[in-house]
$ cat run_39.cif   # mmCIF, C-alpha atoms and all ligand atoms
data_run
#
loop_
_atom_site.label_atom_id
_atom_site.label_comp_id
_atom_site.auth_asym_id
_atom_site.auth_seq_id
_atom_site.Cartn_x
_atom_site.Cartn_y
_atom_site.Cartn_z
CA THR A 21 185.95 -79.55 -92.50
CA TRP A 22 185.57 -83.17 -93.55
CA THR A 23 185.39 -85.77 -90.75
CA ASN A 24 184.33 -89.40 -90.56
CA THR A 25 183.92 -90.16 -86.84
CA SER A 26 180.23 -91.13 -87.11
CA ASP A 27 180.97 -93.33 -90.12
CA ARG A 28 183.79 -95.11 -88.28
CA ALA A 29 181.53 -95.67 -85.24
CA LEU A 30 178.77 -97.14 -87.44
CA ARG A 31 181.28 -99.39 -89.17
CA ALA A 32 182.43 -100.75 -85.82
CA ARG A 33 178.81 -101.53 -84.86
CA ALA A 34 178.12 -103.06 -88.28
CA GLU A 35 181.17 -105.29 -87.95
CA ALA A 36 179.42 -107.03 -85.04
CA VAL A 37 176.03 -107.61 -86.65
CA ILE A 38 176.49 -107.55 -90.46
CA PRO A 39 178.76 -110.21 -92.00
CA GLY A 40 182.00 -108.62 -93.11
CA GLY A 41 180.66 -105.24 -91.99
CA MET A 42 178.88 -104.89 -95.35
CA TYR A 43 178.38 -106.97 -98.48
CA GLY A 44 177.94 -106.63 -102.21
CA HIS A 45 178.63 -103.53 -104.24
CA GLN A 46 177.44 -101.33 -101.40
CA SER A 47 180.53 -102.32 -99.42
CA VAL A 48 183.29 -99.71 -99.57
CA MET A 49 185.91 -102.34 -98.79
CA LEU A 50 187.52 -101.94 -102.22
CA LEU A 51 187.24 -98.16 -102.39
CA PRO A 52 189.86 -95.59 -101.33
CA ASP A 53 190.33 -95.33 -97.56
CA ASP A 54 188.22 -92.27 -96.81
CA TYR A 55 185.08 -93.35 -98.65
CA PRO A 56 182.07 -93.22 -96.33
CA GLN A 57 180.13 -96.44 -95.79
CA PHE A 58 176.94 -94.87 -94.41
CA PHE A 59 174.73 -92.07 -95.67
CA SER A 60 172.05 -90.02 -94.01
CA ARG A 61 170.21 -88.34 -96.87
CA GLY A 62 170.02 -87.36 -100.51
CA SER A 63 168.48 -84.35 -102.21
CA GLY A 64 168.68 -83.43 -105.90
CA PRO A 65 172.24 -84.17 -107.06
CA TYR A 66 173.63 -84.29 -103.52
CA LEU A 67 174.29 -86.98 -100.99
CA TRP A 68 175.16 -86.52 -97.30
CA ASP A 69 177.13 -89.11 -95.36
CA ALA A 70 176.58 -90.10 -91.73
CA ASP A 71 178.93 -87.29 -90.64
CA GLY A 72 177.01 -84.65 -92.58
CA ASN A 73 179.60 -84.23 -95.35
CA ARG A 74 177.94 -83.31 -98.64
CA TYR A 75 178.91 -84.85 -101.98
CA ILE A 76 177.93 -84.24 -105.57
CA ASP A 77 176.96 -87.84 -106.21
CA TYR A 78 178.24 -89.30 -109.47
CA LEU A 79 177.11 -92.79 -108.50
CA CYS A 80 173.42 -91.85 -108.20
CA GLY A 81 172.73 -94.89 -106.01
CA TYR A 82 174.65 -97.00 -108.59
CA GLY A 83 172.18 -95.88 -111.22
CA PRO A 84 168.66 -95.39 -109.88
CA SER A 85 168.75 -91.63 -109.34
CA LEU A 86 168.07 -90.46 -112.89
CA PHE A 87 166.31 -87.20 -112.01
CA GLY A 88 168.04 -86.62 -108.67
CA TYR A 89 167.12 -87.65 -105.14
CA GLY A 90 163.67 -86.80 -103.82
CA VAL A 91 161.93 -85.65 -107.00
CA GLU A 92 158.64 -84.36 -105.65
CA ALA A 93 156.27 -85.47 -108.41
CA ILE A 94 157.69 -89.01 -108.40
CA ASP A 95 157.76 -89.35 -104.62
CA GLN A 96 154.26 -87.88 -104.35
CA ALA A 97 152.97 -90.51 -106.79
CA TYR A 98 154.55 -93.14 -104.54
CA VAL A 99 153.09 -91.66 -101.34
CA ARG A 100 149.61 -91.22 -102.85
CA ARG A 101 149.50 -94.83 -103.94
CA MET A 102 150.96 -96.05 -100.64
CA SER A 103 148.25 -94.26 -98.69
CA GLN A 104 145.65 -96.33 -100.58
CA GLY A 105 147.57 -99.58 -100.09
CA ASP A 106 150.91 -100.78 -101.37
CA THR A 107 151.47 -104.53 -100.93
CA LEU A 108 147.96 -105.96 -101.21
CA THR A 109 146.72 -109.49 -101.88
CA GLY A 110 146.97 -108.73 -105.59
CA PRO A 111 148.08 -105.97 -107.96
CA ALA A 112 146.31 -102.64 -108.44
CA GLU A 113 145.20 -100.98 -111.70
CA VAL A 114 148.55 -99.18 -111.87
CA MET A 115 150.24 -102.45 -112.90
CA VAL A 116 148.28 -102.52 -116.15
CA GLU A 117 148.86 -98.80 -116.69
CA LEU A 118 152.58 -99.30 -116.19
CA ALA A 119 152.74 -102.25 -118.61
CA GLU A 120 150.85 -100.11 -121.15
CA ALA A 121 153.29 -97.23 -120.62
CA PHE A 122 156.36 -99.48 -121.02
CA THR A 123 155.11 -101.20 -124.16
CA ALA A 124 154.32 -97.79 -125.65
CA GLN A 125 157.79 -96.50 -124.72
CA VAL A 126 160.06 -99.39 -125.76
CA THR A 127 159.86 -100.33 -129.44
CA HIS A 128 160.42 -104.09 -129.19
CA ALA A 129 158.14 -104.59 -126.18
CA ASP A 130 154.65 -106.07 -126.51
CA TRP A 131 154.36 -107.13 -122.88
CA ALA A 132 155.89 -106.42 -119.48
CA MET A 133 156.46 -108.29 -116.23
CA PHE A 134 157.56 -106.55 -113.04
CA CYS A 135 159.85 -107.69 -110.27
CA LYS A 136 162.18 -106.08 -107.73
CA ASN A 137 165.84 -106.33 -108.67
CA GLY A 138 167.81 -106.49 -111.88
CA THR A 139 168.78 -110.05 -111.02
CA ASP A 140 165.10 -111.04 -110.90
CA ALA A 141 164.66 -109.68 -114.43
CA THR A 142 167.78 -111.30 -115.91
CA THR A 143 166.98 -114.64 -114.27
CA MET A 144 163.43 -114.47 -115.58
CA ALA A 145 164.80 -113.65 -119.07
CA LEU A 146 166.97 -116.77 -118.92
CA MET A 147 163.96 -118.90 -117.91
CA VAL A 148 161.69 -117.45 -120.58
CA ALA A 149 164.34 -118.05 -123.25
CA ARG A 150 164.83 -121.66 -122.16
CA ASN A 151 161.08 -122.23 -122.04
CA HIS A 152 160.55 -120.60 -125.43
CA THR A 153 163.26 -122.62 -127.17
CA GLN A 154 163.12 -125.76 -125.04
CA LYS A 155 166.92 -125.48 -125.19
CA LYS A 156 169.48 -124.95 -122.47
CA THR A 157 172.57 -123.05 -123.57
CA ILE A 158 173.05 -119.35 -122.83
CA VAL A 159 175.79 -117.49 -124.65
CA ARG A 160 177.01 -114.38 -122.81
CA ALA A 161 179.95 -111.98 -122.69
CA ARG A 162 182.94 -112.77 -120.50
CA GLY A 163 183.20 -110.27 -117.65
CA ALA A 164 179.71 -108.82 -118.13
CA TYR A 165 177.58 -108.37 -115.01
CA HIS A 166 174.01 -109.70 -115.05
CA GLY A 167 173.37 -109.96 -111.31
CA ALA A 168 174.14 -111.97 -108.20
CA ALA A 169 172.16 -115.21 -108.57
CA PRO A 170 174.15 -118.48 -108.58
CA TRP A 171 174.00 -118.68 -112.41
CA CYS A 172 175.70 -115.28 -112.82
CA THR A 173 177.31 -113.93 -109.62
CA PRO A 174 180.90 -112.89 -110.44
CA LEU A 175 182.62 -114.83 -107.63
CA SER A 176 182.31 -118.56 -107.22
CA LEU A 177 182.06 -118.82 -103.43
CA GLY A 178 178.89 -120.68 -102.52
CA VAL A 179 178.26 -121.61 -106.13
CA THR A 180 178.58 -125.04 -107.75
CA THR A 181 179.76 -125.92 -111.24
CA GLU A 182 176.27 -127.31 -111.82
CA ASP A 183 174.77 -123.87 -111.08
CA ARG A 184 176.80 -122.53 -114.01
CA ALA A 185 176.12 -125.35 -116.44
CA ASN A 186 174.94 -124.64 -119.99
CA GLN A 187 176.72 -121.30 -120.42
CA ILE A 188 179.27 -120.40 -123.08
CA PHE A 189 181.22 -117.14 -123.13
CA TYR A 190 182.29 -114.72 -125.87
CA ASP A 191 184.25 -111.48 -125.92
CA TYR A 192 182.13 -108.33 -126.23
CA ASN A 193 182.24 -106.71 -129.67
CA ASP A 194 184.22 -109.64 -131.08
CA VAL A 195 182.08 -111.13 -133.87
CA GLU A 196 184.34 -114.15 -134.36
CA SER A 197 184.27 -115.09 -130.71
CA LEU A 198 180.48 -114.67 -130.66
CA GLU A 199 180.20 -116.94 -133.69
CA ALA A 200 182.50 -119.50 -132.06
CA ALA A 201 180.42 -119.49 -128.85
CA VAL A 202 177.23 -119.98 -130.84
CA ALA A 203 178.85 -122.77 -132.84
CA ALA A 204 179.90 -124.46 -129.60
CA ALA A 205 176.27 -124.32 -128.44
CA GLY A 206 175.42 -126.49 -131.46
CA SER A 207 171.72 -127.15 -131.68
CA ASP A 208 171.17 -126.16 -128.04
CA LEU A 209 171.16 -122.33 -128.16
CA ALA A 210 168.46 -120.74 -125.99
CA ALA A 211 169.69 -117.13 -125.90
CA ILE A 212 172.44 -114.63 -126.46
CA PHE A 213 172.78 -112.15 -123.59
CA ALA A 214 174.26 -108.75 -124.39
CA SER A 215 175.01 -105.73 -122.26
CA PRO A 216 173.89 -102.56 -124.06
CA ILE A 217 177.47 -101.27 -123.87
CA LYS A 218 180.53 -102.98 -122.43
CA HIS A 219 180.36 -101.57 -118.92
CA ASP A 220 182.45 -104.11 -117.02
CA THR A 221 184.36 -102.96 -113.94
CA PHE A 222 188.14 -102.25 -113.99
CA VAL A 223 188.39 -102.15 -117.80
CA ASP A 224 187.68 -99.50 -120.44
CA GLN A 225 184.10 -99.23 -121.62
CA GLU A 226 183.06 -99.82 -125.24
CA ARG A 227 179.98 -98.99 -127.22
CA PRO A 228 178.66 -101.95 -129.23
CA THR A 229 179.74 -102.06 -132.84
CA THR A 230 176.92 -102.32 -135.35
CA ALA A 231 178.58 -105.45 -136.76
CA TYR A 232 178.48 -107.20 -133.38
CA ALA A 233 174.92 -106.21 -132.50
CA THR A 234 173.62 -107.09 -135.96
CA ARG A 235 175.39 -110.45 -135.95
CA ALA A 236 173.95 -111.28 -132.52
CA ARG A 237 170.46 -110.61 -133.93
CA GLU A 238 171.13 -112.76 -137.02
CA LEU A 239 172.56 -115.66 -135.04
CA CYS A 240 169.52 -115.72 -132.75
CA ASP A 241 167.21 -115.69 -135.76
CA GLU A 242 169.14 -118.47 -137.50
CA HIS A 243 168.92 -120.65 -134.38
CA GLY A 244 165.43 -119.70 -133.22
CA ALA A 245 167.05 -118.36 -130.02
CA LEU A 246 166.15 -115.18 -128.15
CA LEU A 247 168.29 -112.05 -128.06
CA ILE A 248 168.36 -110.49 -124.58
CA VAL A 249 169.65 -106.96 -123.93
CA ASP A 250 170.40 -106.36 -120.25
CA ASP A 251 169.46 -102.71 -119.88
CA VAL A 252 169.33 -102.81 -116.06
CA ARG A 253 172.16 -100.30 -115.69
CA ALA A 254 172.07 -98.26 -118.89
CA GLY A 255 168.30 -98.33 -119.57
CA PHE A 256 166.88 -94.83 -120.29
CA ARG A 257 170.34 -93.36 -119.72
CA LEU A 258 171.36 -93.55 -123.39
CA ALA A 259 167.98 -93.53 -125.12
CA ARG A 260 164.26 -93.22 -124.35
CA ASP A 261 163.98 -96.72 -125.84
CA CYS A 262 166.00 -99.91 -125.42
CA SER A 263 169.68 -98.91 -125.64
CA TRP A 264 170.28 -101.06 -128.74
CA SER A 265 167.79 -98.92 -130.66
CA LEU A 266 170.90 -96.72 -131.06
CA VAL A 267 172.51 -99.42 -133.23
CA GLY A 268 169.24 -100.33 -134.94
CA VAL A 269 168.86 -103.75 -133.32
CA GLN A 270 165.71 -104.88 -131.51
CA PRO A 271 166.03 -107.67 -128.93
CA ASP A 272 163.32 -110.19 -128.06
CA LEU A 273 163.70 -109.59 -124.34
CA SER A 274 165.12 -106.65 -122.40
CA THR A 275 165.75 -106.35 -118.69
CA TRP A 276 165.30 -103.11 -116.73
CA GLY A 277 165.76 -101.85 -113.20
CA LYS A 278 167.63 -99.07 -111.43
CA ALA A 279 166.46 -95.83 -113.08
CA ILE A 280 162.94 -96.90 -114.08
CA ALA A 281 161.33 -95.59 -110.88
CA ASN A 282 164.03 -93.08 -109.93
CA GLY A 283 165.08 -95.18 -106.96
CA HIS A 284 161.86 -96.88 -105.89
CA PRO A 285 162.16 -100.67 -105.81
CA ILE A 286 160.97 -102.15 -109.07
CA SER A 287 162.53 -103.85 -112.10
CA ALA A 288 161.06 -105.22 -115.31
CA LEU A 289 161.33 -107.80 -118.06
CA LEU A 290 159.99 -106.60 -121.41
CA GLY A 291 159.35 -108.93 -124.30
CA SER A 292 158.21 -109.15 -127.87
CA GLU A 293 155.19 -111.06 -129.13
CA LYS A 294 157.30 -114.10 -130.01
CA ALA A 295 158.16 -114.77 -126.35
CA ARG A 296 154.72 -114.05 -124.86
CA GLY A 297 153.60 -117.67 -124.69
CA ALA A 298 156.78 -118.84 -122.99
CA ALA A 299 156.60 -115.96 -120.50
CA ALA A 300 153.01 -116.78 -119.55
CA PHE A 301 153.89 -120.15 -118.10
CA VAL A 302 157.24 -119.89 -116.29
CA TYR A 303 156.60 -119.78 -112.54
CA VAL A 304 158.09 -116.52 -111.30
CA THR A 305 156.84 -114.34 -108.47
CA GLY A 306 157.72 -112.57 -105.24
CA SER A 307 155.96 -111.20 -102.19
CA TYR A 308 156.69 -107.60 -103.18
CA TRP A 309 156.67 -107.85 -106.98
CA PHE A 310 153.07 -106.59 -107.19
CA SER A 311 153.40 -103.72 -104.71
CA ALA A 312 151.57 -100.75 -106.16
CA ALA A 313 153.52 -97.76 -104.82
CA PRO A 314 156.78 -98.39 -106.74
CA MET A 315 154.66 -98.93 -109.87
CA ALA A 316 153.07 -95.52 -109.39
CA ALA A 317 156.56 -94.05 -109.03
CA ALA A 318 157.68 -95.84 -112.21
CA LEU A 319 154.67 -94.53 -114.13
CA GLU A 320 155.55 -90.98 -113.10
CA THR A 321 159.24 -91.57 -113.93
CA LEU A 322 158.27 -92.72 -117.45
CA LYS A 323 156.29 -89.50 -117.81
CA HIS A 324 159.44 -87.53 -116.87
CA ILE A 325 161.40 -89.61 -119.40
CA ARG A 326 158.92 -88.74 -122.16
CA GLU A 327 158.33 -85.13 -121.27
CA THR A 328 161.61 -83.66 -120.05
CA ASP A 329 164.96 -83.08 -121.75
CA TYR A 330 166.83 -85.07 -119.06
CA LEU A 331 168.66 -87.14 -121.67
CA GLU A 332 170.00 -84.10 -123.48
CA THR A 333 170.83 -82.44 -120.11
CA ASN A 334 172.79 -85.48 -118.93
CA LEU A 335 174.69 -85.72 -122.22
CA ALA A 336 175.62 -82.02 -122.10
CA LEU A 337 176.79 -82.38 -118.48
CA GLY A 338 178.76 -85.48 -119.44
CA LYS A 339 180.53 -83.67 -122.27
CA ARG A 340 181.35 -80.70 -120.06
CA LEU A 341 182.81 -82.98 -117.40
CA ARG A 342 184.81 -85.09 -119.87
CA SER A 343 186.46 -82.21 -121.70
CA GLY A 344 187.03 -80.27 -118.46
CA LEU A 345 188.73 -83.25 -116.83
CA ASP A 346 190.94 -83.90 -119.85
CA GLU A 347 192.09 -80.27 -119.76
CA ALA A 348 192.68 -80.29 -116.00
CA ALA A 349 194.62 -83.57 -116.19
CA GLY A 350 196.76 -82.20 -119.01
CA ARG A 351 197.60 -79.05 -117.04
CA HIS A 352 199.18 -81.23 -114.37
CA GLY A 353 200.89 -83.66 -116.73
CA PHE A 354 198.43 -86.54 -116.38
CA ALA A 355 196.39 -88.37 -119.00
CA LEU A 356 192.99 -89.90 -118.26
CA ARG A 357 191.24 -92.82 -119.90
CA GLN A 358 187.65 -91.62 -120.12
CA THR A 359 185.74 -94.33 -121.93
CA GLY A 360 182.19 -95.17 -122.95
CA PRO A 361 179.33 -92.74 -123.49
CA GLU A 362 179.72 -89.33 -121.81
CA GLU A 363 176.46 -89.96 -119.91
CA LEU A 364 177.95 -93.09 -118.29
CA PRO A 365 181.56 -92.13 -117.74
CA LEU A 366 184.31 -94.46 -116.59
CA ILE A 367 187.40 -92.53 -115.57
CA MET A 368 190.78 -94.15 -115.04
CA PHE A 369 194.38 -92.96 -115.43
CA GLU A 370 196.87 -93.85 -118.14
CA GLU A 371 200.00 -95.50 -116.76
CA ASP A 372 198.22 -96.66 -113.64
CA ALA A 373 198.09 -100.45 -113.84
CA ASP A 374 197.96 -100.80 -110.05
CA MET A 375 195.36 -97.99 -109.78
CA ALA A 376 197.45 -96.06 -107.25
CA LYS A 377 196.88 -92.75 -109.06
CA GLY A 378 193.17 -93.33 -109.41
CA TYR A 379 192.81 -94.21 -105.73
CA PHE A 380 194.82 -91.22 -104.55
CA TRP A 381 192.91 -88.83 -106.82
CA CYS A 382 189.45 -90.18 -105.90
CA ASN A 383 190.35 -90.05 -102.22
CA ALA A 384 191.26 -86.38 -102.59
CA LEU A 385 187.96 -85.75 -104.41
CA ILE A 386 185.87 -87.43 -101.73
CA ARG A 387 187.40 -85.29 -98.99
CA ARG A 388 186.42 -82.23 -101.04
CA GLY A 389 182.80 -83.16 -101.69
CA VAL A 390 182.81 -85.08 -104.98
CA TYR A 391 181.76 -88.74 -105.03
CA PHE A 392 183.63 -90.39 -107.92
CA HIS A 393 184.38 -94.08 -108.40
CA PRO A 394 187.86 -95.31 -109.41
CA TRP A 395 186.80 -98.40 -111.41
CA HIS A 396 183.02 -98.51 -111.95
CA ASN A 397 181.16 -96.45 -114.52
CA MET A 398 179.43 -93.41 -113.08
CA PHE A 399 176.07 -91.70 -113.64
CA PHE A 400 174.50 -88.26 -113.94
CA SER A 401 171.19 -87.07 -112.62
CA ALA A 402 169.20 -84.41 -114.38
CA ALA A 403 169.22 -82.48 -111.09
CA MET A 404 172.90 -81.65 -111.67
CA THR A 405 173.74 -78.25 -113.10
CA GLU A 406 176.70 -76.76 -114.94
CA ALA A 407 177.68 -75.19 -111.60
CA ASP A 408 177.98 -78.69 -110.09
CA ILE A 409 180.21 -79.77 -112.96
CA ASP A 410 182.33 -76.63 -112.61
CA PHE A 411 182.72 -77.22 -108.86
CA THR A 412 183.74 -80.81 -109.68
CA LEU A 413 186.33 -79.53 -112.14
CA GLU A 414 187.81 -77.16 -109.54
CA VAL A 415 188.06 -79.97 -107.01
CA ALA A 416 189.52 -82.27 -109.67
CA ASP A 417 192.14 -79.66 -110.53
CA GLU A 418 193.17 -79.31 -106.87
CA SER A 419 193.30 -83.09 -106.55
CA PHE A 420 195.55 -83.44 -109.63
CA LYS A 421 197.86 -80.90 -108.00
CA LEU A 422 198.00 -82.99 -104.80
CA LEU A 423 198.59 -86.15 -106.82
CA LYS A 424 201.51 -84.55 -108.61
CA ALA A 425 203.00 -83.28 -105.35
CA ALA A 426 202.70 -86.77 -103.83
CA GLY A 427 205.26 -88.22 -106.24
CA PRO A 428 205.63 -92.00 -106.68
CA LEU A 429 202.90 -94.03 -104.92
CA GLU A 430 202.72 -97.47 -103.40
CA PRO A 431 200.35 -99.95 -105.12
CA VAL A 432 196.90 -100.13 -103.48
CA ALA A 433 197.29 -103.00 -101.02
CA LYS A 434 193.58 -103.75 -100.61
CA LEU A 435 193.13 -104.04 -104.37
CA GLN A 436 196.12 -106.34 -104.69
CA MET A 437 194.72 -108.52 -101.92
CA ALA A 438 191.30 -108.57 -103.59
CA HIS A 439 192.75 -109.52 -106.96
CA HIS A 440 194.74 -112.26 -105.30
CA ALA A 441 191.61 -113.55 -103.52
CA ILE A 442 189.55 -113.42 -106.71
CA HIS A 443 192.16 -115.29 -108.74
CA SER A 444 192.72 -117.90 -106.05
CA ILE A 445 189.04 -118.86 -106.19
CA GLN A 446 188.45 -121.71 -108.60
CA PRO A 447 186.90 -120.16 -111.72
CA LEU A 448 183.74 -121.93 -112.83
N1 LIG A 501 172.47 -106.29 -114.90
C1 LIG A 501 173.24 -105.19 -114.93
C2 LIG A 501 173.79 -104.73 -116.25
C3 LIG A 501 173.53 -104.49 -113.76
O1 LIG A 501 174.30 -103.41 -113.79
C4 LIG A 501 172.98 -104.95 -112.55
C5 LIG A 501 173.23 -104.24 -111.24
N2 LIG A 501 174.41 -103.56 -111.12
C6 LIG A 501 172.19 -106.10 -112.56
C7 LIG A 501 171.94 -106.74 -113.76
C8 LIG A 501 171.61 -106.68 -111.31
O2 LIG A 501 170.70 -105.80 -110.75
P1 LIG A 501 170.34 -105.89 -109.21
O3 LIG A 501 171.57 -105.51 -108.44
O4 LIG A 501 169.23 -104.90 -109.04
O5 LIG A 501 169.90 -107.30 -108.94
#
$ encode --input "run_39.cif" --output "structure tokens"
Amino acid sequence: TWTNTSDRALRARAEAVIPGGMYGHQSVMLLPDDYPQFFSRGSGPYLWDADGNRYIDYLCGYGPSLFGYGVEAIDQAYVRRMSQGDTLTGPAEVMVELAEAFTAQVTHADWAMFCKNGTDATTMALMVARNHTQKKTIVRARGAYHGAAPWCTPLSLGVTTEDRANQIFYDYNDVESLEAAVAAAGSDLAAIFASPIKHDTFVDQERPTTAYATRARELCDEHGALLIVDDVRAGFRLARDCSWSLVGVQPDLSTWGKAIANGHPISALLGSEKARGAAAFVYVTGSYWFSAAPMAAALETLKHIRETDYLETNLALGKRLRSGLDEAAGRHGFALRQTGPEELPLIMFEEDADMAKGYFWCNALIRRGVYFHPWHNMFFSAAMTEADIDFTLEVADESFKLLKAAGPLEPVAKLQMAHHAIHSIQPL
């Protein structure tokens, strides 16, 4: 039976020594009440919390676990390289091998730079674009996430208006609003940032339209600006190439992280020939950016990406889950909003503006061993099997039944408070 006594005890200790008990997207503050905050291990598609409860993990570490937790060949590559030396005074041969592998894998890429987090890569992209163009203005989609540096973090606490200067926003997939943003940049356009799909939190996902992606490319070319695709979250989850290869558009820069080393800490900025000179001279670095062991893990992950059918597996699992959930919801008189690509599902309820249904349902799922998220897109790992999906569907069915029996629900107080707090902060 499901318990959370160890988790509650750890939370109490954390409260004393970690500000707010936890921070960032790893905080469960805005998740349904029974979501565990602390985990003890992961293996294949499964995750165990501090109390030993097992979950089929549809968050996959918020993206990194592409092949499942603890893939032996990848972890062995890491351990082998670590035993020879990881963080040395300079990079090892594996850095060149990895850059060769990435430029061979991703069509637009002629060069690669490595860093640690997605934010490092997006910030570096911004700097390279400004250096390349000698212009300042960045045009990017309203509501899109590109990281937690002062120029892009979603909340404004601790951030000044000056930190956000030289940015103009457009609405994803809206060609007119993109054109208006570019027009407002005048002769100062350095770059257009684009998420590979619209994968913002709390709202339905959208694939890019060909018209929008193509227009973004044209506008950059007309202005001599760089097109940046932020593939940190979706990279290698929709294609074995940059995600916009699916709409036939090649960016000048693309940013990568999360899945590229199946969970080992490394991210990347890839660029085309055009931007090489500008990239060579921006000053960017970090104590751990040249560590060899995560690079060895990334090299092995790229081999898995080339040589296995993980992409097809994840798509098939995604389709099975989506149609199974629609059927189960229908049986109990509910309708789901399942949006975006099947491999990166976002699942919300129709007629659930205050998210009370979603929270109740996810809370029932968590207590039965399925880790779903009520308002963030989810992920598959190629370690999942049809049996895992079928177990998920059984648990989902049971949870729909409980939701129906519960009758009318109160709005989710913590979400209401969060929305109030967010809207009371001065938008920048
Ligand atoms: N861009 C996108 C699209 C992301 O999803 C994320 C992380 N969720 C980032 C950038 C930032 O990556 P990181 O958290 O590793 O800094």
$ closest_residue --input "run_39.cif" --among "A:Gly360, A:Phe58, A:Ala185, A:Ala214" --to "Glu226 (chain A)" --atoms "only C-alpha atoms"
A:Gly360
$ residues_around --input "run_39.cif" --residues "Ala313 (chain A)" --least-positions-apart "4" --cutoff "7 Å" --atoms "all atoms listed in the file" --output "PDB file with C-alpha atoms, in the frame of the given file"
ATOM      1  CA  TYR A  98     154.550 -93.140-104.540  1.00  0.00           C
ATOM      2  CA  ARG A 101     149.500 -94.830-103.940  1.00  0.00           C
ATOM      3  CA  MET A 102     150.960 -96.050-100.640  1.00  0.00           C
ATOM      4  CA  ASP A 106     150.910-100.780-101.370  1.00  0.00           C
ATOM      5  CA  ALA A 317     156.560 -94.050-109.030  1.00  0.00           C
TER       6      ALA A 317
END
$ residues_near_ligand --input "run_39.cif" --ligand "ligand LIG 501 (chain A)" --cutoff "7 Å" --atoms "all atoms listed in the file" --output "number ranges by chain"
A: 137-140, 142, 165-168, 215, 250-253, 277-278
$ closest_atom_pairs --input "run_39.cif" --of "region 288-356 of chain A" --to "region 396-419 of chain A" --cutoff "6 Å" --atoms "only C-alpha atoms" --output "CSV"
residue,atom,partner,partner_atom,distance
A:Tyr330,CA,A:Ala402,CA,5.3
A:Asn334,CA,A:Ala402,CA,5.9
A:Ala348,CA,A:Asp417,CA,5.5
$ atom_distance --input "run_39.cif" --atom1 "CA of Ala161 (chain A)" --atom2 "CA of Ser176 (chain A)"
17.0 Å
$ build_atoms --input "run_39.cif" --residues "region 66-79 of chain A" --atoms "N, CA and C atoms" --output "tab-separated table (two decimals), in the frame of the given file"
chain	number	residue	atom	x	y	z
A	66	TYR	N	172.74	-84.19	-104.68
A	66	TYR	CA	173.63	-84.29	-103.52
A	66	TYR	C	173.30	-85.45	-102.60
A	67	LEU	N	174.35	-85.87	-101.91
A	67	LEU	CA	174.29	-86.98	-100.99
A	67	LEU	C	175.03	-86.54	-99.74
A	68	TRP	N	174.48	-86.85	-98.55
A	68	TRP	CA	175.16	-86.52	-97.30
A	68	TRP	C	175.52	-87.80	-96.58
A	69	ASP	N	176.74	-87.90	-96.08
A	69	ASP	CA	177.13	-89.11	-95.36
A	69	ASP	C	176.72	-88.99	-93.89
A	70	ALA	N	177.02	-90.03	-93.12
A	70	ALA	CA	176.58	-90.10	-91.73
A	70	ALA	C	177.21	-88.99	-90.87
A	71	ASP	N	178.30	-88.39	-91.38
A	71	ASP	CA	178.93	-87.29	-90.64
A	71	ASP	C	178.44	-85.92	-91.12
A	72	GLY	N	177.53	-85.93	-92.08
A	72	GLY	CA	177.01	-84.65	-92.58
A	72	GLY	C	177.84	-84.03	-93.69
A	73	ASN	N	178.85	-84.74	-94.20
A	73	ASN	CA	179.60	-84.23	-95.35
A	73	ASN	C	178.73	-84.34	-96.60
A	74	ARG	N	178.76	-83.28	-97.43
A	74	ARG	CA	177.94	-83.31	-98.64
A	74	ARG	C	178.78	-83.66	-99.85
A	75	TYR	N	178.21	-84.48	-100.74
A	75	TYR	CA	178.91	-84.85	-101.98
A	75	TYR	C	178.02	-84.57	-103.18
A	76	ILE	N	178.62	-84.14	-104.28
A	76	ILE	CA	177.93	-84.24	-105.57
A	76	ILE	C	178.07	-85.71	-105.93
A	77	ASP	N	176.94	-86.37	-106.13
A	77	ASP	CA	176.96	-87.84	-106.21
A	77	ASP	C	176.97	-88.33	-107.65
A	78	TYR	N	178.13	-88.77	-108.11
A	78	TYR	CA	178.24	-89.30	-109.47
A	78	TYR	C	177.99	-90.81	-109.53
A	79	LEU	N	177.51	-91.38	-108.44
A	79	LEU	CA	177.11	-92.79	-108.50
A	79	LEU	C	175.59	-92.92	-108.57
